[in-house]
$ cat query_11.cif   # mmCIF, N, CA and C atoms
data_run
#
loop_
_atom_site.label_atom_id
_atom_site.label_comp_id
_atom_site.auth_asym_id
_atom_site.auth_seq_id
_atom_site.Cartn_x
_atom_site.Cartn_y
_atom_site.Cartn_z
N MET A 210 -0.47 -11.93 -17.89
CA MET A 210 0.57 -12.05 -16.89
C MET A 210 -0.08 -12.06 -15.51
N LYS A 211 0.41 -12.91 -14.63
CA LYS A 211 -0.12 -13.04 -13.28
C LYS A 211 0.63 -12.13 -12.30
N VAL A 212 -0.06 -11.76 -11.24
CA VAL A 212 0.51 -10.90 -10.20
C VAL A 212 1.77 -11.52 -9.60
N THR A 213 1.80 -12.84 -9.47
CA THR A 213 2.96 -13.52 -8.87
C THR A 213 4.23 -13.26 -9.65
N GLU A 214 4.11 -12.93 -10.93
CA GLU A 214 5.29 -12.69 -11.76
C GLU A 214 5.91 -11.32 -11.52
N ILE A 215 5.18 -10.40 -10.93
CA ILE A 215 5.72 -9.05 -10.76
C ILE A 215 5.75 -8.57 -9.30
N MET A 216 5.08 -9.29 -8.39
CA MET A 216 4.97 -8.78 -7.02
C MET A 216 6.28 -8.94 -6.24
N THR A 217 6.43 -8.10 -5.26
CA THR A 217 7.52 -8.21 -4.30
C THR A 217 7.06 -9.21 -3.25
N THR A 218 7.89 -10.21 -2.96
CA THR A 218 7.47 -11.25 -2.03
C THR A 218 8.09 -11.09 -0.64
N ASP A 219 9.14 -10.35 -0.52
CA ASP A 219 9.81 -10.16 0.77
C ASP A 219 9.23 -8.91 1.44
N VAL A 220 7.99 -9.03 1.93
CA VAL A 220 7.27 -7.89 2.47
C VAL A 220 7.36 -7.88 4.00
N GLU A 221 7.86 -6.79 4.53
CA GLU A 221 7.90 -6.60 5.98
C GLU A 221 6.53 -6.10 6.43
N THR A 222 6.08 -6.53 7.59
CA THR A 222 4.83 -6.07 8.17
C THR A 222 5.09 -5.57 9.58
N VAL A 223 4.13 -4.84 10.12
CA VAL A 223 4.22 -4.37 11.50
C VAL A 223 2.89 -4.66 12.19
N SER A 224 2.92 -4.66 13.51
CA SER A 224 1.70 -4.82 14.29
C SER A 224 1.09 -3.44 14.50
N PRO A 225 -0.19 -3.38 14.84
CA PRO A 225 -0.83 -2.09 15.11
C PRO A 225 -0.20 -1.36 16.30
N GLU A 226 0.51 -2.09 17.15
CA GLU A 226 1.14 -1.49 18.32
C GLU A 226 2.49 -0.84 18.02
N ALA A 227 3.06 -1.10 16.84
CA ALA A 227 4.33 -0.47 16.47
C ALA A 227 4.13 1.05 16.48
N THR A 228 5.16 1.77 16.89
CA THR A 228 5.02 3.22 17.01
C THR A 228 5.30 3.92 15.68
N ILE A 229 4.81 5.14 15.59
CA ILE A 229 5.07 5.97 14.41
C ILE A 229 6.57 6.04 14.15
N GLU A 230 7.35 6.25 15.20
CA GLU A 230 8.80 6.36 15.05
C GLU A 230 9.41 5.06 14.54
N GLN A 231 8.98 3.92 15.08
CA GLN A 231 9.51 2.63 14.62
C GLN A 231 9.21 2.39 13.15
N VAL A 232 7.99 2.69 12.75
CA VAL A 232 7.59 2.46 11.36
C VAL A 232 8.33 3.42 10.42
N ALA A 233 8.49 4.67 10.83
CA ALA A 233 9.24 5.62 10.00
C ALA A 233 10.68 5.14 9.82
N SER A 234 11.29 4.63 10.87
CA SER A 234 12.66 4.10 10.77
C SER A 234 12.72 2.89 9.86
N MET A 235 11.71 2.02 9.96
CA MET A 235 11.66 0.85 9.07
C MET A 235 11.56 1.29 7.61
N MET A 236 10.70 2.26 7.34
CA MET A 236 10.55 2.75 5.97
C MET A 236 11.86 3.30 5.44
N LYS A 237 12.57 4.02 6.29
CA LYS A 237 13.86 4.57 5.89
C LYS A 237 14.85 3.44 5.60
N ASP A 238 14.96 2.50 6.51
CA ASP A 238 15.91 1.39 6.36
C ASP A 238 15.59 0.51 5.15
N LEU A 239 14.31 0.27 4.92
CA LEU A 239 13.88 -0.61 3.83
C LEU A 239 13.70 0.13 2.51
N ASP A 240 13.73 1.46 2.56
CA ASP A 240 13.50 2.31 1.39
C ASP A 240 12.15 2.00 0.74
N VAL A 241 11.11 2.01 1.58
CA VAL A 241 9.74 1.78 1.11
C VAL A 241 8.84 2.90 1.62
N GLY A 242 7.69 3.05 1.00
CA GLY A 242 6.75 4.09 1.38
C GLY A 242 5.48 3.56 1.99
N ALA A 243 5.38 2.24 2.16
CA ALA A 243 4.17 1.66 2.75
C ALA A 243 4.52 0.33 3.39
N ILE A 244 3.88 0.07 4.53
CA ILE A 244 4.08 -1.20 5.24
C ILE A 244 2.72 -1.71 5.69
N PRO A 245 2.40 -2.97 5.36
CA PRO A 245 1.14 -3.55 5.83
C PRO A 245 1.13 -3.69 7.36
N VAL A 246 -0.03 -3.45 7.94
CA VAL A 246 -0.21 -3.57 9.38
C VAL A 246 -1.04 -4.84 9.62
N VAL A 247 -0.46 -5.77 10.38
CA VAL A 247 -1.05 -7.09 10.55
C VAL A 247 -1.26 -7.39 12.03
N GLY A 248 -2.47 -7.85 12.34
CA GLY A 248 -2.79 -8.30 13.68
C GLY A 248 -3.01 -9.80 13.68
N ASN A 249 -3.47 -10.33 14.81
CA ASN A 249 -3.72 -11.77 14.90
C ASN A 249 -4.78 -12.25 13.91
N ASP A 250 -5.67 -11.33 13.53
CA ASP A 250 -6.75 -11.69 12.61
C ASP A 250 -6.44 -11.34 11.16
N GLY A 251 -5.18 -11.10 10.85
CA GLY A 251 -4.78 -10.81 9.47
C GLY A 251 -4.52 -9.34 9.23
N LEU A 252 -4.63 -8.95 7.97
CA LEU A 252 -4.34 -7.57 7.57
C LEU A 252 -5.34 -6.61 8.19
N ARG A 253 -4.81 -5.62 8.90
CA ARG A 253 -5.66 -4.59 9.52
C ARG A 253 -5.72 -3.33 8.67
N GLY A 254 -4.68 -3.13 7.87
CA GLY A 254 -4.60 -1.93 7.05
C GLY A 254 -3.19 -1.78 6.52
N ILE A 255 -2.91 -0.58 6.09
CA ILE A 255 -1.58 -0.28 5.57
C ILE A 255 -1.21 1.11 6.08
N VAL A 256 0.04 1.29 6.41
CA VAL A 256 0.51 2.60 6.83
C VAL A 256 1.49 3.09 5.77
N THR A 257 1.25 4.31 5.30
CA THR A 257 2.08 4.89 4.27
C THR A 257 2.89 6.05 4.84
N ASP A 258 3.88 6.47 4.08
CA ASP A 258 4.65 7.64 4.50
C ASP A 258 3.73 8.85 4.61
N ARG A 259 2.74 8.93 3.75
CA ARG A 259 1.77 10.03 3.83
C ARG A 259 0.95 9.95 5.12
N ASP A 260 0.55 8.74 5.52
CA ASP A 260 -0.17 8.57 6.79
C ASP A 260 0.67 9.09 7.95
N LEU A 261 1.95 8.74 7.94
CA LEU A 261 2.83 9.18 9.03
C LEU A 261 2.87 10.71 9.12
N VAL A 262 2.96 11.36 7.97
CA VAL A 262 3.06 12.82 7.96
C VAL A 262 1.72 13.49 8.24
N ILE A 263 0.68 13.12 7.48
CA ILE A 263 -0.60 13.82 7.57
C ILE A 263 -1.39 13.43 8.81
N ARG A 264 -1.55 12.13 9.03
CA ARG A 264 -2.37 11.67 10.16
C ARG A 264 -1.60 11.60 11.46
N GLY A 265 -0.29 11.53 11.37
CA GLY A 265 0.54 11.42 12.57
C GLY A 265 1.16 12.74 12.99
N ILE A 266 2.20 13.14 12.29
CA ILE A 266 2.98 14.32 12.68
C ILE A 266 2.17 15.60 12.56
N ALA A 267 1.51 15.83 11.42
CA ALA A 267 0.74 17.06 11.24
C ALA A 267 -0.45 17.14 12.20
N SER A 268 -0.93 15.98 12.65
CA SER A 268 -2.01 15.95 13.64
C SER A 268 -1.47 16.01 15.06
N GLN A 269 -0.17 16.19 15.17
CA GLN A 269 0.54 16.37 16.43
C GLN A 269 0.46 15.16 17.37
N PHE A 270 0.42 13.96 16.79
CA PHE A 270 0.54 12.77 17.61
C PHE A 270 2.00 12.61 18.02
N PRO A 271 2.26 12.18 19.24
CA PRO A 271 3.65 11.92 19.64
C PRO A 271 4.22 10.75 18.83
N LEU A 272 5.53 10.71 18.71
CA LEU A 272 6.19 9.66 17.92
C LEU A 272 6.00 8.27 18.51
N ASP A 273 5.60 8.19 19.78
CA ASP A 273 5.38 6.87 20.38
C ASP A 273 3.92 6.41 20.24
N THR A 274 3.15 7.10 19.41
CA THR A 274 1.76 6.72 19.14
C THR A 274 1.75 5.43 18.32
N PRO A 275 0.91 4.47 18.66
CA PRO A 275 0.80 3.25 17.85
C PRO A 275 0.24 3.58 16.45
N VAL A 276 0.82 2.95 15.43
CA VAL A 276 0.36 3.23 14.06
C VAL A 276 -1.07 2.76 13.84
N GLY A 277 -1.57 1.89 14.69
CA GLY A 277 -2.96 1.47 14.58
C GLY A 277 -3.93 2.64 14.63
N ARG A 278 -3.49 3.76 15.19
CA ARG A 278 -4.35 4.95 15.28
C ARG A 278 -4.37 5.77 14.00
N ILE A 279 -3.41 5.53 13.10
CA ILE A 279 -3.31 6.39 11.90
C ILE A 279 -3.34 5.62 10.59
N ILE A 280 -3.53 4.32 10.63
CA ILE A 280 -3.46 3.53 9.40
C ILE A 280 -4.67 3.76 8.50
N SER A 281 -4.46 3.46 7.24
CA SER A 281 -5.56 3.43 6.27
C SER A 281 -6.19 2.05 6.39
N THR A 282 -7.42 2.00 6.87
CA THR A 282 -8.05 0.70 7.14
C THR A 282 -8.87 0.17 5.98
N SER A 283 -9.26 1.01 5.07
CA SER A 283 -10.05 0.52 3.93
C SER A 283 -9.10 0.09 2.82
N THR A 284 -8.37 -0.97 3.11
CA THR A 284 -7.34 -1.44 2.20
C THR A 284 -7.89 -2.40 1.17
N ALA A 285 -7.68 -2.08 -0.09
CA ALA A 285 -7.99 -3.01 -1.17
C ALA A 285 -6.88 -4.06 -1.19
N THR A 286 -7.22 -5.27 -1.57
CA THR A 286 -6.24 -6.35 -1.62
C THR A 286 -6.40 -7.14 -2.91
N GLY A 287 -5.37 -7.92 -3.20
CA GLY A 287 -5.41 -8.79 -4.36
C GLY A 287 -5.01 -10.19 -3.97
N SER A 288 -5.05 -11.09 -4.95
CA SER A 288 -4.66 -12.47 -4.72
C SER A 288 -3.58 -12.88 -5.71
N LYS A 289 -2.83 -13.92 -5.36
CA LYS A 289 -1.71 -14.36 -6.19
C LYS A 289 -2.14 -14.82 -7.58
N ASP A 290 -3.34 -15.33 -7.71
CA ASP A 290 -3.75 -15.90 -8.99
C ASP A 290 -4.43 -14.89 -9.92
N MET A 291 -4.54 -13.62 -9.51
CA MET A 291 -5.18 -12.63 -10.37
C MET A 291 -4.23 -12.15 -11.46
N ASP A 292 -4.82 -11.69 -12.55
CA ASP A 292 -4.04 -11.10 -13.64
C ASP A 292 -3.58 -9.71 -13.24
N VAL A 293 -2.48 -9.27 -13.81
CA VAL A 293 -1.95 -7.93 -13.54
C VAL A 293 -2.98 -6.87 -13.93
N GLU A 294 -3.71 -7.11 -15.01
CA GLU A 294 -4.72 -6.15 -15.44
C GLU A 294 -5.79 -5.96 -14.37
N GLU A 295 -6.16 -7.06 -13.71
CA GLU A 295 -7.15 -6.98 -12.63
C GLU A 295 -6.60 -6.20 -11.44
N ALA A 296 -5.34 -6.43 -11.11
CA ALA A 296 -4.70 -5.68 -10.02
C ALA A 296 -4.65 -4.20 -10.35
N ALA A 297 -4.31 -3.88 -11.59
CA ALA A 297 -4.27 -2.47 -12.02
C ALA A 297 -5.64 -1.82 -11.91
N GLU A 298 -6.68 -2.58 -12.24
CA GLU A 298 -8.05 -2.05 -12.14
C GLU A 298 -8.44 -1.78 -10.69
N ILE A 299 -8.07 -2.69 -9.79
CA ILE A 299 -8.36 -2.48 -8.37
C ILE A 299 -7.64 -1.23 -7.87
N MET A 300 -6.37 -1.09 -8.25
CA MET A 300 -5.60 0.08 -7.84
C MET A 300 -6.20 1.37 -8.41
N ARG A 301 -6.64 1.30 -9.65
CA ARG A 301 -7.24 2.48 -10.28
C ARG A 301 -8.52 2.87 -9.57
N SER A 302 -9.39 1.89 -9.36
CA SER A 302 -10.69 2.23 -8.75
C SER A 302 -10.56 2.66 -7.30
N ALA A 303 -9.58 2.12 -6.58
CA ALA A 303 -9.37 2.50 -5.18
C ALA A 303 -8.43 3.70 -5.05
N GLN A 304 -7.86 4.15 -6.15
CA GLN A 304 -6.88 5.24 -6.19
C GLN A 304 -5.73 5.00 -5.22
N ILE A 305 -5.09 3.83 -5.37
CA ILE A 305 -3.94 3.48 -4.53
C ILE A 305 -2.75 3.12 -5.41
N ARG A 306 -1.57 3.27 -4.86
CA ARG A 306 -0.35 2.99 -5.60
C ARG A 306 0.29 1.66 -5.22
N ARG A 307 -0.23 1.04 -4.16
CA ARG A 307 0.32 -0.24 -3.70
C ARG A 307 -0.83 -1.16 -3.32
N LEU A 308 -0.71 -2.43 -3.70
CA LEU A 308 -1.77 -3.40 -3.46
C LEU A 308 -1.20 -4.60 -2.72
N PRO A 309 -1.61 -4.81 -1.44
CA PRO A 309 -1.18 -6.01 -0.73
C PRO A 309 -1.79 -7.26 -1.37
N ILE A 310 -0.99 -8.29 -1.49
CA ILE A 310 -1.45 -9.56 -2.05
C ILE A 310 -1.58 -10.55 -0.90
N LEU A 311 -2.78 -11.13 -0.76
CA LEU A 311 -3.07 -12.02 0.36
C LEU A 311 -3.27 -13.46 -0.10
N GLU A 312 -2.93 -14.36 0.80
CA GLU A 312 -3.25 -15.78 0.63
C GLU A 312 -3.62 -16.29 2.00
N ASP A 313 -4.85 -16.79 2.15
CA ASP A 313 -5.35 -17.25 3.44
C ASP A 313 -5.21 -16.17 4.52
N ASP A 314 -5.60 -14.94 4.18
CA ASP A 314 -5.55 -13.79 5.10
C ASP A 314 -4.13 -13.43 5.55
N ARG A 315 -3.13 -13.89 4.83
CA ARG A 315 -1.74 -13.60 5.15
C ARG A 315 -1.12 -12.80 4.01
N VAL A 316 -0.35 -11.75 4.34
CA VAL A 316 0.31 -10.95 3.30
C VAL A 316 1.47 -11.76 2.73
N VAL A 317 1.38 -12.03 1.42
CA VAL A 317 2.43 -12.81 0.75
C VAL A 317 3.16 -12.01 -0.30
N GLY A 318 2.70 -10.79 -0.54
CA GLY A 318 3.35 -9.96 -1.54
C GLY A 318 2.76 -8.57 -1.58
N MET A 319 3.39 -7.74 -2.40
CA MET A 319 2.93 -6.37 -2.59
C MET A 319 3.21 -6.02 -4.06
N VAL A 320 2.22 -5.42 -4.70
CA VAL A 320 2.37 -4.95 -6.07
C VAL A 320 2.26 -3.44 -6.05
N SER A 321 3.21 -2.78 -6.65
CA SER A 321 3.15 -1.32 -6.73
C SER A 321 2.87 -0.91 -8.17
N LEU A 322 2.46 0.32 -8.32
CA LEU A 322 2.25 0.86 -9.65
C LEU A 322 3.54 0.78 -10.46
N GLY A 323 4.67 0.97 -9.77
CA GLY A 323 5.97 0.85 -10.44
C GLY A 323 6.22 -0.55 -10.96
N ASP A 324 5.83 -1.57 -10.18
CA ASP A 324 5.97 -2.95 -10.64
C ASP A 324 5.20 -3.16 -11.94
N ILE A 325 3.99 -2.64 -11.98
CA ILE A 325 3.15 -2.80 -13.17
C ILE A 325 3.77 -2.07 -14.35
N ALA A 326 4.28 -0.87 -14.11
CA ALA A 326 4.86 -0.07 -15.19
C ALA A 326 6.14 -0.68 -15.74
N VAL A 327 6.98 -1.20 -14.88
CA VAL A 327 8.30 -1.68 -15.30
C VAL A 327 8.29 -3.11 -15.78
N LYS A 328 7.50 -3.97 -15.16
CA LYS A 328 7.60 -5.40 -15.41
C LYS A 328 6.56 -5.96 -16.36
N GLN A 329 5.60 -5.16 -16.74
CA GLN A 329 4.53 -5.68 -17.60
C GLN A 329 4.81 -5.40 -19.06
N ASP A 330 4.36 -6.32 -19.91
CA ASP A 330 4.55 -6.18 -21.35
C ASP A 330 3.73 -5.03 -21.93
N ASP A 331 2.52 -4.83 -21.44
CA ASP A 331 1.62 -3.81 -21.97
C ASP A 331 1.58 -2.62 -21.03
N PRO A 332 2.26 -1.52 -21.38
CA PRO A 332 2.32 -0.35 -20.49
C PRO A 332 1.00 0.39 -20.38
N GLU A 333 0.02 0.05 -21.21
CA GLU A 333 -1.26 0.77 -21.18
C GLU A 333 -1.96 0.63 -19.83
N ASP A 334 -1.88 -0.55 -19.20
CA ASP A 334 -2.53 -0.74 -17.90
C ASP A 334 -1.96 0.21 -16.86
N SER A 335 -0.64 0.36 -16.83
CA SER A 335 -0.05 1.26 -15.84
C SER A 335 -0.37 2.71 -16.17
N GLU A 336 -0.44 3.06 -17.46
CA GLU A 336 -0.78 4.43 -17.83
C GLU A 336 -2.19 4.79 -17.39
N VAL A 337 -3.13 3.89 -17.64
CA VAL A 337 -4.53 4.13 -17.25
C VAL A 337 -4.64 4.20 -15.73
N ALA A 338 -4.00 3.26 -15.04
CA ALA A 338 -4.05 3.25 -13.58
C ALA A 338 -3.43 4.53 -13.02
N LEU A 339 -2.27 4.93 -13.53
CA LEU A 339 -1.61 6.13 -13.03
C LEU A 339 -2.48 7.36 -13.25
N GLU A 340 -3.10 7.45 -14.39
CA GLU A 340 -3.96 8.60 -14.68
C GLU A 340 -5.10 8.70 -13.67
N GLU A 341 -5.74 7.58 -13.37
CA GLU A 341 -6.86 7.59 -12.44
C GLU A 341 -6.40 7.79 -10.99
N ILE A 342 -5.30 7.14 -10.62
CA ILE A 342 -4.79 7.24 -9.26
C ILE A 342 -4.33 8.66 -8.96
N SER A 343 -3.74 9.29 -9.96
CA SER A 343 -3.15 10.61 -9.78
C SER A 343 -4.11 11.76 -9.99
N ARG A 344 -5.38 11.45 -10.22
CA ARG A 344 -6.36 12.53 -10.39
C ARG A 344 -6.34 13.40 -9.14
N PRO A 345 -6.08 14.70 -9.32
CA PRO A 345 -5.98 15.57 -8.14
C PRO A 345 -7.28 15.67 -7.37
N ALA A 346 -7.14 15.70 -6.08
CA ALA A 346 -8.30 15.90 -5.21
C ALA A 346 -8.47 17.38 -4.96
N GLU A 347 -9.66 17.75 -4.60
CA GLU A 347 -9.92 19.13 -4.21
C GLU A 347 -9.31 19.37 -2.84
N PRO A 348 -8.68 20.53 -2.63
CA PRO A 348 -8.14 20.82 -1.30
C PRO A 348 -9.23 20.79 -0.23
N ASP A 349 -8.88 20.30 0.93
CA ASP A 349 -9.81 20.21 2.04
C ASP A 349 -9.71 21.50 2.86
N ARG A 350 -10.48 22.49 2.44
CA ARG A 350 -10.39 23.80 3.11
C ARG A 350 -11.69 24.19 3.71
#
$ encode --input "query_11.cif" --output "structure tokens"
Amino acid sequence: MKVTEIMTTDVETVSPEATIEQVASMMKDLDVGAIPVVGNDGLRGIVTDRDLVIRGIASQFPLDTPVGRIISTSTATGSKDMDVEEAAEIMRSAQIRRLPILEDDRVVGMVSLGDIAVKQDDPEDSEVALEEISRPAEPDR
């Protein structure tokens, strides 16, 4: 099965200049937990609800701080022509729950672990990916 068969194609993006407050409101309105951050040169990273809380609010950044200051920049990506198994492997090895799908440096879709679990014929890929992604980290103390 190809990624194009399970990915979400109506993906909203934001610029690095969008504020923490704007992105949080977008997430609420769209009922999503991650939004790709795109600049003139393509995908810059992804901002997650966890980024907003841990890197933004808990770090005491004001709500008008640009999300470019708190995004996850080491973003793994996929392509439309890859198999779902390959996408699951990328997500597992990068320990991420969402994978932006690019075409010509443009975000054309997003695949989540939920997409893989619900829409794929073989649930083993999502089980393996979930197990690896969910491996607990040691507390940073």
$ resolve_selection --input "query_11.cif" --expression "the PyMOL selection byres ((chain A and resi 322) around 7)" --output "ChimeraX atom specification"
/A:305-308,320-321,323-327,335
$ residues_around --input "query_11.cif" --residues "range 251-268 of chain A" --least-positions-apart "6" --cutoff "8 Å" --atoms "all atoms listed in the file" --output "list of chain:residue names"
A:Pro225, A:Ile229, A:Ala233, A:Met236, A:Val241, A:Gly242, A:Ala243, A:Ile244, A:Pro245, A:Val276, A:Arg278, A:Ile279, A:Ile280, A:Ser281, A:Thr282, A:Ser283, A:Thr284, A:Ala285, A:Asp313, A:Asp314, A:Arg315, A:Val316
$ write_last_selection --input "query_11.cif" --atoms "N, CA and C atoms" --output "CSV table (one decimal), keeping the file's coordinate frame"
chain,number,residue,atom,x,y,z
A,225,PRO,N,-0.2,-3.4,14.8
A,225,PRO,CA,-0.8,-2.1,15.1
A,225,PRO,C,-0.2,-1.4,16.3
A,229,ILE,N,4.8,5.1,15.6
A,229,ILE,CA,5.1,6.0,14.4
A,229,ILE,C,6.6,6.0,14.2
A,233,ALA,N,8.5,4.7,10.8
A,233,ALA,CA,9.2,5.6,10.0
A,233,ALA,C,10.7,5.1,9.8
A,236,MET,N,10.7,2.3,7.3
A,236,MET,CA,10.6,2.8,6.0
A,236,MET,C,11.9,3.3,5.4
A,241,VAL,N,11.1,2.0,1.6
A,241,VAL,CA,9.7,1.8,1.1
A,241,VAL,C,8.8,2.9,1.6
A,242,GLY,N,7.7,3.0,1.0
A,242,GLY,CA,6.8,4.1,1.4
A,242,GLY,C,5.5,3.6,2.0
A,243,ALA,N,5.4,2.2,2.2
A,243,ALA,CA,4.2,1.7,2.8
A,243,ALA,C,4.5,0.3,3.4
A,244,ILE,N,3.9,0.1,4.5
A,244,ILE,CA,4.1,-1.2,5.2
A,244,ILE,C,2.7,-1.7,5.7
A,245,PRO,N,2.4,-3.0,5.4
A,245,PRO,CA,1.1,-3.6,5.8
A,245,PRO,C,1.1,-3.7,7.4
A,276,VAL,N,0.8,3.0,15.4
A,276,VAL,CA,0.4,3.2,14.1
A,276,VAL,C,-1.1,2.8,13.8
A,278,ARG,N,-3.5,3.8,15.2
A,278,ARG,CA,-4.4,5.0,15.3
A,278,ARG,C,-4.4,5.8,14.0
A,279,ILE,N,-3.4,5.5,13.1
A,279,ILE,CA,-3.3,6.4,11.9
A,279,ILE,C,-3.3,5.6,10.6
A,280,ILE,N,-3.5,4.3,10.6
A,280,ILE,CA,-3.5,3.5,9.4
A,280,ILE,C,-4.7,3.8,8.5
A,281,SER,N,-4.5,3.5,7.2
A,281,SER,CA,-5.6,3.4,6.3
A,281,SER,C,-6.2,2.0,6.4
A,282,THR,N,-7.4,2.0,6.9
A,282,THR,CA,-8.0,0.7,7.1
A,282,THR,C,-8.9,0.2,6.0
A,283,SER,N,-9.3,1.0,5.1
A,283,SER,CA,-10.0,0.5,3.9
A,283,SER,C,-9.1,0.1,2.8
A,284,THR,N,-8.4,-1.0,3.1
A,284,THR,CA,-7.3,-1.4,2.2
A,284,THR,C,-7.9,-2.4,1.2
A,285,ALA,N,-7.7,-2.1,-0.1
A,285,ALA,CA,-8.0,-3.0,-1.2
A,285,ALA,C,-6.9,-4.1,-1.2
A,313,ASP,N,-4.8,-16.8,2.2
A,313,ASP,CA,-5.4,-17.2,3.4
A,313,ASP,C,-5.2,-16.2,4.5
A,314,ASP,N,-5.6,-14.9,4.2
A,314,ASP,CA,-5.6,-13.8,5.1
A,314,ASP,C,-4.1,-13.4,5.6
A,315,ARG,N,-3.1,-13.9,4.8
A,315,ARG,CA,-1.7,-13.6,5.2
A,315,ARG,C,-1.1,-12.8,4.0
A,316,VAL,N,-0.4,-11.8,4.3
A,316,VAL,CA,0.3,-11.0,3.3
A,316,VAL,C,1.5,-11.8,2.7
$ resolve_selection --input "query_11.cif" --expression "the PyMOL selection byres ((chain A and resi 230) around 7)" --output "ChimeraX atom specification"
/A:227-229,231-235,271-274
$ select_by_dssp --input "query_11.cif" --residues "chain A" --states "strand (DSSP E)" --output "ChimeraX atom specification"
/A:243-248,251-257,287-288,307-312,315-321
$ atom_distance --input "query_11.cif" --atom1 "CA of Glu312 in chain A" --atom2 "atom C of Met300 in chain A"
19.6 Å
$ resolve_selection --input "query_11.cif" --expression "the PyMOL selection byres (((chain A and resi 291 and name CA) around 10) and name CA)" --output "count of residues only"
14
$ atom_distance --input "query_11.cif" --atom1 "CA of Gln269 in chain A" --atom2 "CA of Gly248 in chain A"
25.0 Å
$ atom_distance --input "query_11.cif" --atom1 "CA of Phe270 in chain A" --atom2 "atom N of Glu226 in chain A"
14.9 Å
$ select_by_dssp --input "query_11.cif" --residues "chain A" --states "helix (DSSP H, G or I)" --output "ChimeraX atom specification"
/A:212-214,229-239,258-266,276-278,293-303,322-328,333-342
